[in-house]
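Below is one structure, written out as structure tokens; comments come after it.
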Amino acid sequence: MKPEESATTGADLLVKALIDEEVEVVFGYPGGAVLPIYDSLFKQNRLRHILVRHEQAAVHAAEGYARSTGKVGVVLVTSGPGATNAVTGLTDALMDSVPIICLTGQVPTHLIGNDAFQEADTTGITRPCTKHNYLVKAVGDLARTVHEAFYVARSGRPGPVVIDLPKDVLMNKHDYTAPKKPVQHKSYRPQVKPELKKVEEAIELIGSAKRPVFYAGGGIVNAGPKASKLLTQFVHMTGYPITNTLMGLGTFPASDKQFLGMLGMHGTYEANLAMYHCDVMINIGARFDDRITGKLTEFSPKSKKIHVDIDPSSINKNVRVDLPIVGDAGHVLEDMIRVWKARQPKVDHKALKAWWAEIDKWRSRNCLAYKQDKETIKPQYALERLYHHIKNRDHYITTEVGQHQMWAAQFLKFEQPNRWMTSGGLGTMGYGFPSAMGVQIAHPDALVIDVAGEASIMMNIQELSTVAQYRLPVKIFILNNQYMGMVRQWQELLHGGRYSESYMESLPDFVKLAEAFGAVGLRCHDPAKLDDTIKQMIDIKKPVVVDVLVDKAENCFPMIPSGAAHYDMLLGPDDRAAKPVSEEGMVLV
Amino acid sequence: MSAPQTTSSHTISVLVDNEPGILARVVGLFSGRGYNIESLTVAETDAKENLSRITIVTAGTPMVIEQIKAQLDRLVPVHKVRDLTVEGPHIERELALVKVKGTGDKRVEALRLADVFRAKVIDAKTDSFVFEVTGTSDKVRTFVGLMEGLGLVELGRTGIVAMSRGGEAL
Ligand SMILES: Cc1cc2nc3c(=O)[nH]c(=O)nc-3n(C[C@H](O)[C@H](O)[C@H](O)COP(=O)(O)OP(=O)(O)OC[C@H]3O[C@@H](n4cnc5c(N)ncnc54)[C@H](O)[C@@H]3O)c2cc1C
Ligand SMILES: Cc1ncc(C[n+]2csc(CCOP(=O)(O)OP(=O)(O)O)c2C)c(N)n1
Ligand SMILES: [Mg+2]
């Protein structure tokens, strides 16, 4: 080997390290500080680069990619504005535990701190919105840092990791060292295997329950598809009811008789009442979010609570539990099944039967009912029809944020994990469309649909240009109610119907907008024509924007107003006069 | 189930990688999550392994203290988190530099009290002293309180360092 060949530039070395980490795609946007990386990308053909139109979208695309595959999503942005634009996406990924590596350019090391051109304190800005971050100060540290960053992003509770790369580090030369496997991090070693004694105690408690309920969340998605299989198997073994959080949808098949639907603020009547009245709650990979608990002092007051979570900081954060189990959901479920089989606990079938009878009574309230007439399309109806047409196809759903997101959670059925990408923790409008691009990149032949609101879609609409460039046949299914519907709903309930700034004036013509970007635009306002429109959307093998004009006044029910208890659910428009929201509740979001 | 709401003070030792930004991570965690810091000290303690020890005194309900420890522990460069307050007997010490200005009776009295508190005179001018006092925070506070009446003009405190009694190491 000639001496000049033995040394590689930091940028080349970075690309090698990414390839060694089995990265296939990078979502990014170039700029001065990262030009060396773009040059290295140009010279190779192992890594595919997807050029987005805004750095926020790069992160959401990587999130969609990651969430739908279980792999780490990779983002590449320039220094300064490139990095600050990525902050919303990073925060989103942190809240929803999505593994992301975000490579940010930085001014050369000797200029750091000088207010140099396009300098931002990226590690400072992203410290609270990443799982961890690094500033690489010497090219000799680069490869090791990249491998460590991947380990951190994907292990334990996954999350976003930023690697800030000064330009001189990218241009200096150094030999590449391949990652050591398995990685032994000097301080970060999350506990994956549970204490067996705790699992045995849990089985004792679960076996003796009279009114049990499983409450399963996004942690099961994080634990990989096998964990969902084990969950399903275990829930079937017990015969107990199960509810999913918004983030957990798909970890248990929605069509199964034991499934109570989603719980929480916009969850079903039966799921929330089961949570309230249960005597044993089995939380696996969910974090007692305030959208779930409602009023904390009234949250499931009579139950013994088991909480399985890989992150000890999730345990006893909001709700004090009786039996915490730290470990990976997959491992814990495996142990639970084994111990259950070995011990064959004597389930109180009589009590269980009575419990199911009670649940069936709640179910019969049919809390998701709505009335479709001949005139205007109800958003719920649009989603039911959408589901009818996609259920037998290989499909993935993403959403924006608002009423449409909640209706999607209620009316689309998820039978498998990794099929549902939504921004739960941060609630980021503008998440769904770029996320769908990332999903489509990972699953080129699948049907990928972003269920959108007309307000949210405007937040990353520029990405129509990206889907056009890469011929990504993403479908945007807009439930257009001409309002920031979720905001309007709260104003109606909490602020005397004063619709301050929530009407969407001057909306674009979405059909023409789609066409302007080389996509196909469709519009539908007639319930009778909805099926045809949906079929057409599915048949067109190009990006499609469907503008579905829906009832502007429809509200999303059931609803537990913030600060209220589970039994204080509003089931429909007539309920709300009877149950005014407390002042205490009004300060909550 | 609601946890007891009584607030108590805890002394927590944290062993961390001595790397740039680590203090910002710890402090940012406290400010970002609304925990309070009563005292914080940090310095390198193991040059070979490149480790620093952070001692934090914080107050909160049992649930908050448990959160604080879990949150500290999940920071990637954190090696160990120990709650000295719950883990058995431990010792806490703090050092203060106390500048007192005055002449005559007050000066004499300051010197006499310094002796009682075993504070060392580390700088002396005809009209001023700088005392170095070491001990528990209580002792330091009491000494400083007394000096207030005797011409206290400046005060510097290190904050608490602490460790468990006996042969066990962190
Ligand atoms: C407008 C709006 C309305 C909403 N309404 C609702 C609602 O009605 N109902 C609802 O459910 N949500 C709702 N949400 C979402 C809500 O804000 C939370 O994002 C969601 O409830 C959190 O889901 P989760 O508890 O499953 O936790 P996640 O955020 O998915 O967290 C996963 C948990 O699992 C743990 N974990 C990670 N990996 C593993 C592993 N391998 N093994 C074990 N544990 C692991 C993590 O440490 C964490 O504690 C709404 C959001 C929006 C924007
Ligand atoms: C970036 C961002 N800004 C503001 C909000 C607050 N917010 C939540 S829902 C919503 C309205 C969404 O309107 P639309 O996309 O039309 O959905 P709809 O509720 O009408 O279905 C707003 C403004 C948010 N979640 N995200
Ligand atoms: Mg809308």
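Starting from 1 in every chain, residues are counted up; chains themselves are A, B, ... following the order of the structure tokens, and ligands are numbered from 1 as listed.
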
**Asked** So which residues touch B:Val116 within 12 Å, counting only C-alpha atoms, skipping near sequence neighbours fewer than 3 positions away, as a PyMOL selection string?
**Response** chain B and resi 109-113+119-120+133+139+142-143+146

**Request:** Give the strand (DSSP E or B) residues of chain B, as DSSP finds them on the backbone, and put them as a PyMOL selection string.
**Result:** chain B and resi 8-17+39-46+51-60+78-83+90-101+120-125+128-135+152-157+161-164

**Request:** Select all residues from chain A having any atom no more than 7 Å from an atom of chain B (counting only C-alpha atoms, ignoring ligands), output as a VMD selection string.
**Result:** chain A and resid 127 132 187 to 188 301 312 to 313 316 to 317 320

Could you give me the residues within 6 Å of ligand 1, counting only C-alpha atoms and all ligand atoms, as a PDB file with all heavy atoms, in the first residue's frame?
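Final file, result.pdb:
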```pdb
ATOM      1  N   ASP A  96     -40.312  10.170  21.772  1.00  0.00           N
ATOM      2  CA  ASP A  96     -40.918   8.907  21.340  1.00  0.00           C
ATOM      3  C   ASP A  96     -39.912   7.752  21.293  1.00  0.00           C
ATOM      4  O   ASP A  96     -40.219   6.693  20.736  1.00  0.00           O
ATOM      5  CB  ASP A  96     -41.593   9.092  19.968  1.00  0.00           C
ATOM      6  CG  ASP A  96     -42.889   9.888  20.083  1.00  0.00           C
ATOM      7  OD1 ASP A  96     -43.402  10.043  21.213  1.00  0.00           O
ATOM      8  OD2 ASP A  96     -43.402  10.365  19.048  1.00  0.00           O
ATOM      9  N   ARG A 157     -33.224   2.279  26.278  1.00  0.00           N
ATOM     10  CA  ARG A 157     -34.323   3.037  25.689  1.00  0.00           C
ATOM     11  C   ARG A 157     -33.735   3.830  24.538  1.00  0.00           C
ATOM     12  O   ARG A 157     -32.911   4.711  24.745  1.00  0.00           O
ATOM     13  CB  ARG A 157     -34.903   3.977  26.734  1.00  0.00           C
ATOM     14  CG  ARG A 157     -36.019   4.835  26.208  1.00  0.00           C
ATOM     15  CD  ARG A 157     -36.497   5.751  27.316  1.00  0.00           C
ATOM     16  NE  ARG A 157     -37.669   6.479  26.933  1.00  0.00           N
ATOM     17  CZ  ARG A 157     -38.452   7.107  27.807  1.00  0.00           C
ATOM     18  NH1 ARG A 157     -38.166   7.066  29.088  1.00  0.00           N
ATOM     19  NH2 ARG A 157     -39.510   7.771  27.407  1.00  0.00           N
ATOM     20  N   GLY A 217     -47.376  -0.475  25.743  1.00  0.00           N
ATOM     21  CA  GLY A 217     -47.020   0.758  25.054  1.00  0.00           C
ATOM     22  C   GLY A 217     -45.895   0.632  24.048  1.00  0.00           C
ATOM     23  O   GLY A 217     -45.517  -0.471  23.628  1.00  0.00           O
ATOM     24  N   GLY A 218     -45.358   1.777  23.697  1.00  0.00           N
ATOM     25  CA  GLY A 218     -44.336   1.882  22.664  1.00  0.00           C
ATOM     26  C   GLY A 218     -43.070   1.087  22.967  1.00  0.00           C
ATOM     27  O   GLY A 218     -42.326   0.745  22.050  1.00  0.00           O
ATOM     28  N   GLY A 219     -42.825   0.800  24.234  1.00  0.00           N
ATOM     29  CA  GLY A 219     -41.643   0.025  24.594  1.00  0.00           C
ATOM     30  C   GLY A 219     -41.639  -1.345  23.931  1.00  0.00           C
ATOM     31  O   GLY A 219     -40.571  -1.915  23.685  1.00  0.00           O
ATOM     32  N   ILE A 220     -42.818  -1.848  23.639  1.00  0.00           N
ATOM     33  CA  ILE A 220     -42.887  -3.161  22.978  1.00  0.00           C
ATOM     34  C   ILE A 220     -42.476  -3.035  21.514  1.00  0.00           C
ATOM     35  O   ILE A 220     -41.845  -3.932  20.956  1.00  0.00           O
ATOM     36  CB  ILE A 220     -44.301  -3.748  23.125  1.00  0.00           C
ATOM     37  CG1 ILE A 220     -44.622  -3.779  24.616  1.00  0.00           C
ATOM     38  CG2 ILE A 220     -44.412  -5.114  22.446  1.00  0.00           C
ATOM     39  CD1 ILE A 220     -45.572  -4.760  25.088  1.00  0.00           C
ATOM     40  N   ASN A 222     -40.275  -0.828  20.577  1.00  0.00           N
ATOM     41  CA  ASN A 222     -38.824  -0.684  20.712  1.00  0.00           C
ATOM     42  C   ASN A 222     -38.131  -2.030  20.927  1.00  0.00           C
ATOM     43  O   ASN A 222     -36.986  -2.207  20.533  1.00  0.00           O
ATOM     44  CB  ASN A 222     -38.472   0.237  21.896  1.00  0.00           C
ATOM     45  CG  ASN A 222     -38.840   1.680  21.632  1.00  0.00           C
ATOM     46  OD1 ASN A 222     -39.399   2.360  22.477  1.00  0.00           O
ATOM     47  ND2 ASN A 222     -38.540   2.157  20.444  1.00  0.00           N
ATOM     48  N   ALA A 223     -38.816  -2.944  21.574  1.00  0.00           N
ATOM     49  CA  ALA A 223     -38.198  -4.236  21.893  1.00  0.00           C
ATOM     50  C   ALA A 223     -38.146  -5.172  20.682  1.00  0.00           C
ATOM     51  O   ALA A 223     -37.620  -6.276  20.790  1.00  0.00           O
ATOM     52  CB  ALA A 223     -38.946  -4.898  23.044  1.00  0.00           C
ATOM     53  N   THR A 245     -51.459   1.974  24.285  1.00  0.00           N
ATOM     54  CA  THR A 245     -51.309   3.424  24.166  1.00  0.00           C
ATOM     55  C   THR A 245     -51.254   3.783  22.680  1.00  0.00           C
ATOM     56  O   THR A 245     -51.111   2.905  21.819  1.00  0.00           O
ATOM     57  CB  THR A 245     -49.991   3.903  24.793  1.00  0.00           C
ATOM     58  OG1 THR A 245     -48.918   3.323  24.036  1.00  0.00           O
ATOM     59  CG2 THR A 245     -49.871   3.492  26.249  1.00  0.00           C
ATOM     60  N   LEU A 246     -51.293   5.076  22.428  1.00  0.00           N
ATOM     61  CA  LEU A 246     -51.136   5.557  21.054  1.00  0.00           C
ATOM     62  C   LEU A 246     -49.857   4.998  20.439  1.00  0.00           C
ATOM     63  O   LEU A 246     -49.830   4.579  19.284  1.00  0.00           O
ATOM     64  CB  LEU A 246     -51.090   7.090  21.057  1.00  0.00           C
ATOM     65  CG  LEU A 246     -50.987   7.758  19.688  1.00  0.00           C
ATOM     66  CD1 LEU A 246     -52.327   7.725  18.972  1.00  0.00           C
ATOM     67  CD2 LEU A 246     -50.509   9.202  19.810  1.00  0.00           C
ATOM     68  N   MET A 247     -48.772   5.003  21.224  1.00  0.00           N
ATOM     69  CA  MET A 247     -47.483   4.538  20.702  1.00  0.00           C
ATOM     70  C   MET A 247     -47.398   3.018  20.625  1.00  0.00           C
ATOM     71  O   MET A 247     -46.519   2.489  19.951  1.00  0.00           O
ATOM     72  CB  MET A 247     -46.329   5.062  21.573  1.00  0.00           C
ATOM     73  CG  MET A 247     -46.244   6.569  21.676  1.00  0.00           C
ATOM     74  SD  MET A 247     -46.356   7.398  20.099  1.00  0.00           S
ATOM     75  CE  MET A 247     -44.779   6.984  19.391  1.00  0.00           C
ATOM     76  N   GLY A 248     -48.278   2.356  21.324  1.00  0.00           N
ATOM     77  CA  GLY A 248     -48.209   0.895  21.366  1.00  0.00           C
ATOM     78  C   GLY A 248     -49.099   0.213  20.338  1.00  0.00           C
ATOM     79  O   GLY A 248     -49.086  -1.021  20.219  1.00  0.00           O
ATOM     80  N   LEU A 263     -56.347   3.435  25.000  1.00  0.00           N
ATOM     81  CA  LEU A 263     -56.831   4.077  26.219  1.00  0.00           C
ATOM     82  C   LEU A 263     -56.413   5.545  26.212  1.00  0.00           C
ATOM     83  O   LEU A 263     -55.782   6.010  25.267  1.00  0.00           O
ATOM     84  CB  LEU A 263     -56.263   3.378  27.454  1.00  0.00           C
ATOM     85  CG  LEU A 263     -54.823   3.721  27.881  1.00  0.00           C
ATOM     86  CD1 LEU A 263     -54.597   3.273  29.304  1.00  0.00           C
ATOM     87  CD2 LEU A 263     -53.797   3.094  26.975  1.00  0.00           C
ATOM     88  N   GLY A 264     -56.806   6.261  27.246  1.00  0.00           N
ATOM     89  CA  GLY A 264     -56.331   7.633  27.415  1.00  0.00           C
ATOM     90  C   GLY A 264     -57.342   8.684  27.011  1.00  0.00           C
ATOM     91  O   GLY A 264     -58.530   8.403  26.849  1.00  0.00           O
ATOM     92  N   MET A 265     -56.841   9.891  26.852  1.00  0.00           N
ATOM     93  CA  MET A 265     -57.684  11.060  26.621  1.00  0.00           C
ATOM     94  C   MET A 265     -58.724  10.835  25.521  1.00  0.00           C
ATOM     95  O   MET A 265     -59.879  11.221  25.660  1.00  0.00           O
ATOM     96  CB  MET A 265     -56.811  12.261  26.268  1.00  0.00           C
ATOM     97  CG  MET A 265     -57.574  13.542  26.064  1.00  0.00           C
ATOM     98  SD  MET A 265     -56.475  14.939  25.816  1.00  0.00           S
ATOM     99  CE  MET A 265     -56.227  15.497  27.481  1.00  0.00           C
ATOM    100  N   HIS A 266     -58.290  10.227  24.412  1.00  0.00           N
ATOM    101  CA  HIS A 266     -59.239   9.918  23.340  1.00  0.00           C
ATOM    102  C   HIS A 266     -59.385   8.410  23.147  1.00  0.00           C
ATOM    103  O   HIS A 266     -59.690   7.932  22.063  1.00  0.00           O
ATOM    104  CB  HIS A 266     -58.821  10.602  22.043  1.00  0.00           C
ATOM    105  CG  HIS A 266     -58.940  12.098  22.120  1.00  0.00           C
ATOM    106  ND1 HIS A 266     -60.151  12.747  22.156  1.00  0.00           N
ATOM    107  CD2 HIS A 266     -58.000  13.066  22.226  1.00  0.00           C
ATOM    108  CE1 HIS A 266     -59.946  14.053  22.259  1.00  0.00           C
ATOM    109  NE2 HIS A 266     -58.641  14.274  22.303  1.00  0.00           N
ATOM    110  N   GLY A 267     -59.157   7.694  24.225  1.00  0.00           N
ATOM    111  CA  GLY A 267     -59.282   6.246  24.167  1.00  0.00           C
ATOM    112  C   GLY A 267     -60.727   5.801  24.328  1.00  0.00           C
ATOM    113  O   GLY A 267     -61.639   6.617  24.524  1.00  0.00           O
ATOM    114  N   GLY A 285     -43.904  -1.538  28.923  1.00  0.00           N
ATOM    115  CA  GLY A 285     -43.365  -0.583  27.957  1.00  0.00           C
ATOM    116  C   GLY A 285     -44.232   0.633  27.712  1.00  0.00           C
ATOM    117  O   GLY A 285     -44.277   1.157  26.604  1.00  0.00           O
ATOM    118  N   ALA A 286     -44.895   1.103  28.752  1.00  0.00           N
ATOM    119  CA  ALA A 286     -45.657   2.354  28.642  1.00  0.00           C
ATOM    120  C   ALA A 286     -45.260   3.231  29.822  1.00  0.00           C
ATOM    121  O   ALA A 286     -44.807   2.730  30.851  1.00  0.00           O
ATOM    122  CB  ALA A 286     -47.151   2.082  28.646  1.00  0.00           C
ATOM    123  N   ARG A 287     -45.435   4.544  29.680  1.00  0.00           N
ATOM    124  CA  ARG A 287     -44.796   5.414  30.671  1.00  0.00           C
ATOM    125  C   ARG A 287     -45.753   6.277  31.487  1.00  0.00           C
ATOM    126  O   ARG A 287     -45.383   7.350  31.961  1.00  0.00           O
ATOM    127  CB  ARG A 287     -43.723   6.265  29.997  1.00  0.00           C
ATOM    128  CG  ARG A 287     -44.218   7.116  28.838  1.00  0.00           C
ATOM    129  CD  ARG A 287     -43.052   7.843  28.174  1.00  0.00           C
ATOM    130  NE  ARG A 287     -43.456   8.509  26.965  1.00  0.00           N
ATOM    131  CZ  ARG A 287     -43.982   9.731  26.915  1.00  0.00           C
ATOM    132  NH1 ARG A 287     -44.161  10.418  28.010  1.00  0.00           N
ATOM    133  NH2 ARG A 287     -44.315  10.268  25.760  1.00  0.00           N
ATOM    134  N   PHE A 288     -46.984   5.844  31.661  1.00  0.00           N
ATOM    135  CA  PHE A 288     -47.961   6.567  32.485  1.00  0.00           C
ATOM    136  C   PHE A 288     -47.998   8.045  32.107  1.00  0.00           C
ATOM    137  O   PHE A 288     -47.919   8.931  32.962  1.00  0.00           O
ATOM    138  CB  PHE A 288     -47.645   6.422  33.980  1.00  0.00           C
ATOM    139  CG  PHE A 288     -47.869   5.037  34.542  1.00  0.00           C
ATOM    140  CD1 PHE A 288     -46.801   4.241  34.936  1.00  0.00           C
ATOM    141  CD2 PHE A 288     -49.150   4.528  34.671  1.00  0.00           C
ATOM    142  CE1 PHE A 288     -47.007   2.968  35.461  1.00  0.00           C
ATOM    143  CE2 PHE A 288     -49.374   3.252  35.201  1.00  0.00           C
ATOM    144  CZ  PHE A 288     -48.295   2.477  35.591  1.00  0.00           C
ATOM    145  N   ASP A 289     -48.087   8.294  30.814  1.00  0.00           N
ATOM    146  CA  ASP A 289     -48.140   9.661  30.314  1.00  0.00           C
ATOM    147  C   ASP A 289     -49.411  10.348  30.814  1.00  0.00           C
ATOM    148  O   ASP A 289     -50.412   9.690  31.100  1.00  0.00           O
ATOM    149  CB  ASP A 289     -48.140   9.601  28.787  1.00  0.00           C
ATOM    150  CG  ASP A 289     -48.120  10.969  28.169  1.00  0.00           C
ATOM    151  OD1 ASP A 289     -47.044  11.582  28.185  1.00  0.00           O
ATOM    152  OD2 ASP A 289     -49.168  11.422  27.668  1.00  0.00           O
ATOM    153  N   ARG A 291     -51.543  11.931  29.170  1.00  0.00           N
ATOM    154  CA  ARG A 291     -52.688  11.664  28.279  1.00  0.00           C
ATOM    155  C   ARG A 291     -53.405  10.366  28.691  1.00  0.00           C
ATOM    156  O   ARG A 291     -54.514  10.093  28.248  1.00  0.00           O
ATOM    157  CB  ARG A 291     -52.248  11.439  26.842  1.00  0.00           C
ATOM    158  CG  ARG A 291     -51.842  12.510  25.871  1.00  0.00           C
ATOM    159  CD  ARG A 291     -52.450  13.804  25.792  1.00  0.00           C
ATOM    160  NE  ARG A 291     -52.210  14.688  26.902  1.00  0.00           N
ATOM    161  CZ  ARG A 291     -52.445  15.991  26.900  1.00  0.00           C
ATOM    162  NH1 ARG A 291     -52.931  16.568  25.837  1.00  0.00           N
ATOM    163  NH2 ARG A 291     -52.228  16.735  27.946  1.00  0.00           N
ATOM    164  N   ILE A 292     -52.720   9.554  29.483  1.00  0.00           N
ATOM    165  CA  ILE A 292     -53.265   8.264  29.907  1.00  0.00           C
ATOM    166  C   ILE A 292     -53.885   8.353  31.277  1.00  0.00           C
ATOM    167  O   ILE A 292     -54.983   7.849  31.512  1.00  0.00           O
ATOM    168  CB  ILE A 292     -52.111   7.215  30.023  1.00  0.00           C
ATOM    169  CG1 ILE A 292     -51.407   7.034  28.706  1.00  0.00           C
ATOM    170  CG2 ILE A 292     -52.622   5.904  30.583  1.00  0.00           C
ATOM    171  CD1 ILE A 292     -52.274   6.527  27.634  1.00  0.00           C
ATOM    172  N   ASP A 309     -40.266  -1.855  32.389  1.00  0.00           N
ATOM    173  CA  ASP A 309     -39.683  -0.785  31.572  1.00  0.00           C
ATOM    174  C   ASP A 309     -38.166  -0.928  31.586  1.00  0.00           C
ATOM    175  O   ASP A 309     -37.572  -1.296  32.595  1.00  0.00           O
ATOM    176  CB  ASP A 309     -40.083   0.589  32.120  1.00  0.00           C
ATOM    177  CG  ASP A 309     -40.014   1.674  31.051  1.00  0.00           C
ATOM    178  OD1 ASP A 309     -38.906   1.957  30.542  1.00  0.00           O
ATOM    179  OD2 ASP A 309     -41.072   2.229  30.707  1.00  0.00           O
ATOM    180  N   ILE A 310     -37.554  -0.616  30.467  1.00  0.00           N
ATOM    181  CA  ILE A 310     -36.099  -0.742  30.378  1.00  0.00           C
ATOM    182  C   ILE A 310     -35.395   0.462  31.000  1.00  0.00           C
ATOM    183  O   ILE A 310     -34.211   0.408  31.294  1.00  0.00           O
ATOM    184  CB  ILE A 310     -35.670  -0.943  28.902  1.00  0.00           C
ATOM    185  CG1 ILE A 310     -34.296  -1.613  28.836  1.00  0.00           C
ATOM    186  CG2 ILE A 310     -35.661   0.379  28.145  1.00  0.00           C
ATOM    187  CD1 ILE A 310     -33.996  -2.251  27.511  1.00  0.00           C
ATOM    188  N   ASP A 311     -36.158   1.532  31.188  1.00  0.00           N
ATOM    189  CA  ASP A 311     -35.574   2.763  31.711  1.00  0.00           C
ATOM    190  C   ASP A 311     -36.052   2.996  33.141  1.00  0.00           C
ATOM    191  O   ASP A 311     -37.215   3.321  33.361  1.00  0.00           O
ATOM    192  CB  ASP A 311     -35.995   3.934  30.809  1.00  0.00           C
ATOM    193  CG  ASP A 311     -35.447   5.267  31.290  1.00  0.00           C
ATOM    194  OD1 ASP A 311     -34.778   5.306  32.347  1.00  0.00           O
ATOM    195  OD2 ASP A 311     -35.684   6.277  30.597  1.00  0.00           O
ATOM    196  N   SER A 314     -38.388   5.803  34.077  1.00  0.00           N
ATOM    197  CA  SER A 314     -39.821   5.787  33.743  1.00  0.00           C
ATOM    198  C   SER A 314     -40.639   5.247  34.910  1.00  0.00           C
ATOM    199  O   SER A 314     -41.845   5.464  34.979  1.00  0.00           O
ATOM    200  CB  SER A 314     -40.084   4.901  32.520  1.00  0.00           C
ATOM    201  OG  SER A 314     -39.752   5.581  31.340  1.00  0.00           O
ATOM    202  N   GLY A 327     -36.135  -4.059  32.673  1.00  0.00           N
ATOM    203  CA  GLY A 327     -35.639  -5.000  31.675  1.00  0.00           C
ATOM    204  C   GLY A 327     -36.289  -4.760  30.327  1.00  0.00           C
ATOM    205  O   GLY A 327     -37.224  -3.953  30.209  1.00  0.00           O
ATOM    206  N   ASP A 328     -35.781  -5.441  29.326  1.00  0.00           N
ATOM    207  CA  ASP A 328     -36.338  -5.338  27.983  1.00  0.00           C
ATOM    208  C   ASP A 328     -37.655  -6.110  27.920  1.00  0.00           C
ATOM    209  O   ASP A 328     -37.744  -7.245  28.403  1.00  0.00           O
ATOM    210  CB  ASP A 328     -35.334  -5.908  26.983  1.00  0.00           C
ATOM    211  CG  ASP A 328     -35.947  -6.115  25.616  1.00  0.00           C
ATOM    212  OD1 ASP A 328     -36.245  -5.120  24.956  1.00  0.00           O
ATOM    213  OD2 ASP A 328     -36.163  -7.286  25.233  1.00  0.00           O
ATOM    214  N   ALA A 329     -38.657  -5.498  27.304  1.00  0.00           N
ATOM    215  CA  ALA A 329     -39.995  -6.090  27.268  1.00  0.00           C
ATOM    216  C   ALA A 329     -39.964  -7.502  26.689  1.00  0.00           C
ATOM    217  O   ALA A 329     -40.661  -8.399  27.180  1.00  0.00           O
ATOM    218  CB  ALA A 329     -40.938  -5.196  26.461  1.00  0.00           C
ATOM    219  N   VAL A 401     -50.628  15.851  13.391  1.00  0.00           N
ATOM    220  CA  VAL A 401     -51.119  15.955  14.759  1.00  0.00           C
ATOM    221  C   VAL A 401     -52.425  16.741  14.805  1.00  0.00           C
ATOM    222  O   VAL A 401     -52.549  17.798  14.194  1.00  0.00           O
ATOM    223  CB  VAL A 401     -50.061  16.620  15.662  1.00  0.00           C
ATOM    224  CG1 VAL A 401     -50.630  16.973  17.039  1.00  0.00           C
ATOM    225  CG2 VAL A 401     -48.872  15.676  15.824  1.00  0.00           C
ATOM    226  N   GLY A 402     -53.381  16.195  15.523  1.00  0.00           N
ATOM    227  CA  GLY A 402     -54.675  16.861  15.659  1.00  0.00           C
ATOM    228  C   GLY A 402     -55.783  15.839  15.764  1.00  0.00           C
ATOM    229  O   GLY A 402     -55.549  14.666  16.081  1.00  0.00           O
ATOM    230  N   GLY A 424     -46.234  11.156  19.205  1.00  0.00           N
ATOM    231  CA  GLY A 424     -47.053  11.069  20.413  1.00  0.00           C
ATOM    232  C   GLY A 424     -46.611  12.013  21.505  1.00  0.00           C
ATOM    233  O   GLY A 424     -47.386  12.789  22.036  1.00  0.00           O
ATOM    234  N   GLY A 425     -45.361  11.956  21.856  1.00  0.00           N
ATOM    235  CA  GLY A 425     -44.879  12.694  23.013  1.00  0.00           C
ATOM    236  C   GLY A 425     -44.771  14.178  22.766  1.00  0.00           C
ATOM    237  O   GLY A 425     -45.190  14.993  23.588  1.00  0.00           O
ATOM    238  N   GLY A 427     -45.951  15.650  19.873  1.00  0.00           N
ATOM    239  CA  GLY A 427     -47.128  16.092  19.129  1.00  0.00           C
ATOM    240  C   GLY A 427     -46.744  17.117  18.079  1.00  0.00           C
ATOM    241  O   GLY A 427     -47.240  18.238  18.064  1.00  0.00           O
TER     242      GLY A 427
END
```

**Prompt:** Within 12 Å of ligand 3, counting only C-alpha atoms and all ligand atoms: which residues, as an NGL selection string?
**Reply:** :A and (379 or 400-405 or 429 or 451-458 or 477-489 or 502-505 or 507 or 547-556)

**Prompt:** Would you give me, as an NGL selection string, the residues in chain B that DSSP reads as alpha helix (DSSP H)?
**Reply:** :B and (22-32 or 62-73 or 104-116 or 137-148)

**Asked** Could you name the residues that touch stretch 82-89 of chain B at 7 Å or less, counting only C-alpha atoms, but leaving out those on the same chain fewer than 3 positions away, as a ChimeraX atom specification?
**Response** /B:10-14,164-165

Take the residues that were just selected and, keeping N, CA and C atoms, output them as a compact mmCIF listing (two decimals), in the first residue's frame.
```txt
# COMPACT_ATOMS: atom_id res chain seq x y z
N HIS B 10 -31.02 15.36 50.42
CA HIS B 10 -30.18 14.18 50.16
C HIS B 10 -28.84 14.60 49.58
N THR B 11 -27.81 13.88 50.00
CA THR B 11 -26.47 14.13 49.46
C THR B 11 -26.14 12.98 48.51
N ILE B 12 -25.91 13.34 47.26
CA ILE B 12 -25.72 12.32 46.23
C ILE B 12 -24.33 12.45 45.62
N SER B 13 -23.62 11.33 45.56
CA SER B 13 -22.30 11.31 44.92
C SER B 13 -22.43 10.70 43.54
N VAL B 14 -21.84 11.34 42.57
CA VAL B 14 -21.93 10.87 41.19
C VAL B 14 -20.53 10.76 40.61
N SER B 164 -19.01 8.03 52.37
CA SER B 164 -19.54 7.13 53.39
C SER B 164 -18.46 6.81 54.41
N ARG B 165 -18.88 6.47 55.61
CA ARG B 165 -17.93 6.01 56.63
C ARG B 165 -17.54 4.57 56.34
```

**Message:** Quick one: residues within 10 Å of stretch 156-158 of chain B, only C-alpha atoms, excluding same-chain residues fewer than 4 positions away - as number ranges by chain?
**Reply:** B: 39-42, 93-99, 132-134, 137, 140-141
